[in-house]
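Trainee: Got a structure for you, written out below as structure tokens; questions coming shortly.
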Amino acid sequence: PFIDNVSLLMKFEGTNASTTFTDSGPLNVPVTAVGTAQISTTRSRFGSSSLLTATGGGNYANITTNMTAFAYPGDFTIEGWWWFNVNNIGYQPLIAAAVAQDASAWALILETNNTFAFYGATTNGWNTILTTSQVPTTGAWHHVAVSRSGSSVRMFYNGTQIGTTVTSSISVASGTSVRIGGYQFFPGGARSFGGNIDQVRITKGVARYTANFTPPSA
């Protein structure tokens, strides 16, 4: 559903250690590997592989074109599956729109206490939109989603809403790149996610989730 609204659809299918990433969405956005980011056949949520990223200074899948597709003046849904290898290290990025000078236009991250948070800004900066008390378990796949319907922003963990519904109607900027498994940390430069990432989908103009739901099983 809503395929015409899909800005990005990353299945991360490929051969082991490949650095070729294909966007299956209608925009066919070019996605490149940065650092050690690569396809891994060790585990996947669906299909036969996923994206493997390692913590450190910059290991992620990167998008630097079609930036208007990743700016959200209205409704949106950002979602995917993440496998957490390492916990209790703080500041792990799931996906973010990065800009220069240690800032992000928007970011879905784990905070220092390993709870999920979502940031969004009208320009380059860090504005907290939604925080939670949810800490992900390691060694398992988890579906994480952020959606906005009207001015109501919600976050979901394995289909269950976490945190409160927050009112925010700011026009979230696009940044200069979208980093899957990475973000521009403030202060201190690039950070990376430690684990596997699969089935990332961004939908612009549609809030796919406004209440608890069952994540797809196939």
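Labeling convention for the structure tokens: chains A, B, ... as they appear, residues from 1 per chain, ligands from 1 in order of appearance.
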Using only C-alpha atoms, determine which residues lie at most 8 Å from Gly25 of chain A, disregarding the query and same-chain residues fewer than 6 positions distant; provide the list as number ranges by chain.
Mentor: A: 3, 6-10
Trainee: Would you mind listing what lies within 12 Å of segment 200-202 of chain A as a ChimeraX atom specification, with only C-alpha atoms counted and same-chain residues fewer than 2 positions away left out?
Mentor: /A:2-13,21-27,29,45-46,50-51,61,69-72,75-82,94-96,142-147,178-181,196-198,204-208
Trainee: When you draw a straight line from atom CA of Thr122 of chain A to atom CA of Tyr60 of chain A, how long is it in Å?
Mentor: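 According to the coordinates, atom CA of Thr122 of chain A and atom CA of Tyr60 of chain A are separated by 24.0 Å.
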Trainee: Identify which of the residues A:Thr165, A:Ser44, A:Thr176, A:Thr138 lies closest to Ala105 of chain A, counting only C-alpha atoms when measuring atom-to-atom distances.
Mentor: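 Looking only at the distances to Ala105 of chain A, the closest residue turns out to be A:Thr176.
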Trainee: Any idea what the distance is between atom CA of Tyr183 of chain A and atom CA of Pro1 of chain A?
Mentor: 28.9 Å
Trainee: To one decimal place in Å, what is the distance between atom CA of Asn59 of chain A and atom CA of Pro93 of chain A?
Mentor: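 Result for atom CA of Asn59 of chain A versus atom CA of Pro93 of chain A: 10.8 Å, one decimal.
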Trainee: So which residues touch Val86 of chain A within 9 Å, counting only C-alpha atoms, skipping near sequence neighbours fewer than 6 positions away, as a ChimeraX atom specification?
Mentor: /A:55,138-139,194-195
Trainee: For the selection just defined, write its residues with N, CA and C atoms to a file, as a PDB file, in the first residue's frame.
Mentor:
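Final file, result-v8.pdb:
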```pdb
ATOM      1  N   THR A  55      29.928  -0.491  15.092  1.00  0.00           N
ATOM      2  CA  THR A  55      30.086   0.751  15.826  1.00  0.00           C
ATOM      3  C   THR A  55      31.441   1.373  15.502  1.00  0.00           C
ATOM      4  N   THR A 138      19.123  -7.470  23.127  1.00  0.00           N
ATOM      5  CA  THR A 138      20.119  -7.839  22.128  1.00  0.00           C
ATOM      6  C   THR A 138      19.857  -9.251  21.633  1.00  0.00           C
ATOM      7  N   GLY A 139      20.441  -9.572  20.485  1.00  0.00           N
ATOM      8  CA  GLY A 139      20.335 -10.917  19.945  1.00  0.00           C
ATOM      9  C   GLY A 139      18.979 -11.254  19.373  1.00  0.00           C
ATOM     10  N   GLY A 194      25.744  -0.686  15.743  1.00  0.00           N
ATOM     11  CA  GLY A 194      26.414  -1.972  15.831  1.00  0.00           C
ATOM     12  C   GLY A 194      25.429  -3.119  15.725  1.00  0.00           C
ATOM     13  N   GLY A 195      25.297  -3.699  14.538  1.00  0.00           N
ATOM     14  CA  GLY A 195      24.373  -4.808  14.359  1.00  0.00           C
ATOM     15  C   GLY A 195      23.949  -4.957  12.914  1.00  0.00           C
TER      16      GLY A 195
END
```
Trainee: What are the DSSP helix (DSSP H, G or I) residues of segment 4-214 of chain A, as a list in words?
Mentor: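 Everything in segment 4-214 of chain A that counts as helix (DSSP H, G or I) is Asp4, Asn5, Met67, Thr68, Ala69 and Phe70 of chain A.
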Trainee: Using DSSP on the backbone coordinates, identify all residues within chain A classified as strand (DSSP E); present the result as a PyMOL selection string.
Mentor: chain A and resi 6-10+32-34+38-40+50-53+60-63+76-84+92-99+103-110+116-125+128-131+141-149+152-157+160-167+177-180+182-185+189-192+195-204
Trainee: Got a sec: who's within 9 Å of segment 155-163 of chain A, counting only C-alpha atoms, leaving out chain neighbours fewer than 5 positions off, as a compact mmCIF listing (two decimals) with C-alpha atoms, in the first residue's frame?
Mentor:
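This went into result_39.txt:
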```
# COMPACT_ATOMS: atom_id res chain seq x y z
CA PHE A 116 14.81 5.16 21.81
CA ALA A 117 14.44 8.81 20.83
CA PHE A 118 13.52 10.75 17.71
CA LEU A 130 9.93 12.13 21.18
CA THR A 131 11.68 10.17 23.93
CA THR A 132 10.87 6.78 25.44
CA SER A 133 11.96 4.47 28.26
CA GLN A 134 12.20 1.43 25.98
CA PRO A 136 15.90 -2.99 23.13
CA HIS A 142 13.05 -5.65 16.48
CA HIS A 143 10.71 -3.61 14.33
CA VAL A 144 11.00 0.10 15.12
CA ALA A 145 8.79 2.78 13.57
CA VAL A 146 8.14 6.50 13.92
CA SER A 147 5.06 8.03 12.33
CA ARG A 148 3.33 11.39 12.26
CA TYR A 209 0.69 3.46 12.09
CA THR A 210 -1.54 5.41 14.46
CA ALA A 211 -2.27 2.58 16.92
CA ASN A 212 -0.72 -0.70 18.01
CA PHE A 213 -0.27 -3.17 15.14
CA THR A 214 1.24 -6.53 14.29
CA PRO A 215 4.51 -6.19 12.37
```
Trainee: Which of these residues is nearest to Val34 of chain A, using only C-alpha atoms: A:Gly74, A:Gly58, A:Gly120, A:Pro216?
Mentor: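 With only C-alpha atoms as the atom set, the closest residue is A:Gly58.
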Trainee: Using only C-alpha atoms for the distances, tell me which of A:Asn85, A:Asn28, A:Thr65, A:Thr42 is nearest to Ala140 of chain A.
Mentor: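 Nearest candidate to Ala140 of chain A out of A:Asn85, A:Asn28, A:Thr65, A:Thr42: A:Asn85.
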Trainee: Ranking A:Ala100, A:Leu52, A:Val135, A:Ala121 by minimum distance to Ile170 of chain A and counting only C-alpha atoms, which one comes first?
Mentor: A:Ala121
Trainee: For Trp106 of chain A, find every residue with an atom within 8 Å (counting only C-alpha atoms), except residues of its own chain fewer than 2 positions away, and show them as a tab-separated table (two decimals) with C-alpha atoms, in the first residue's frame.
Mentor:
```
chain	number	residue	atom	x	y	z
A	96	ALA	CA	19.24	9.71	10.40
A	97	ALA	CA	19.37	12.60	7.98
A	98	ALA	CA	22.77	14.14	8.57
A	104	SER	CA	21.22	16.13	12.15
A	108	LEU	CA	16.09	7.89	15.16
A	118	PHE	CA	13.52	10.75	17.71
A	119	TYR	CA	14.89	14.17	16.84
A	120	GLY	CA	13.71	16.54	14.15
A	121	ALA	CA	14.55	20.08	13.16
A	126	TRP	CA	18.94	18.93	17.46
A	172	VAL	CA	11.35	18.41	9.47
A	173	ALA	CA	14.31	19.22	7.22
A	174	SER	CA	15.99	16.75	4.88
A	175	GLY	CA	19.65	17.26	5.70
```
Trainee: Go through A:Gln184, A:Thr203, A:Ser152, A:Thr15 one by one, measure the shortest atom-to-atom distance of each to Gly47 of chain A using only C-alpha atoms, and give the residue with the smallest value.
Mentor: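 Among the listed residues, the smallest separation from Gly47 of chain A belongs to A:Thr15.
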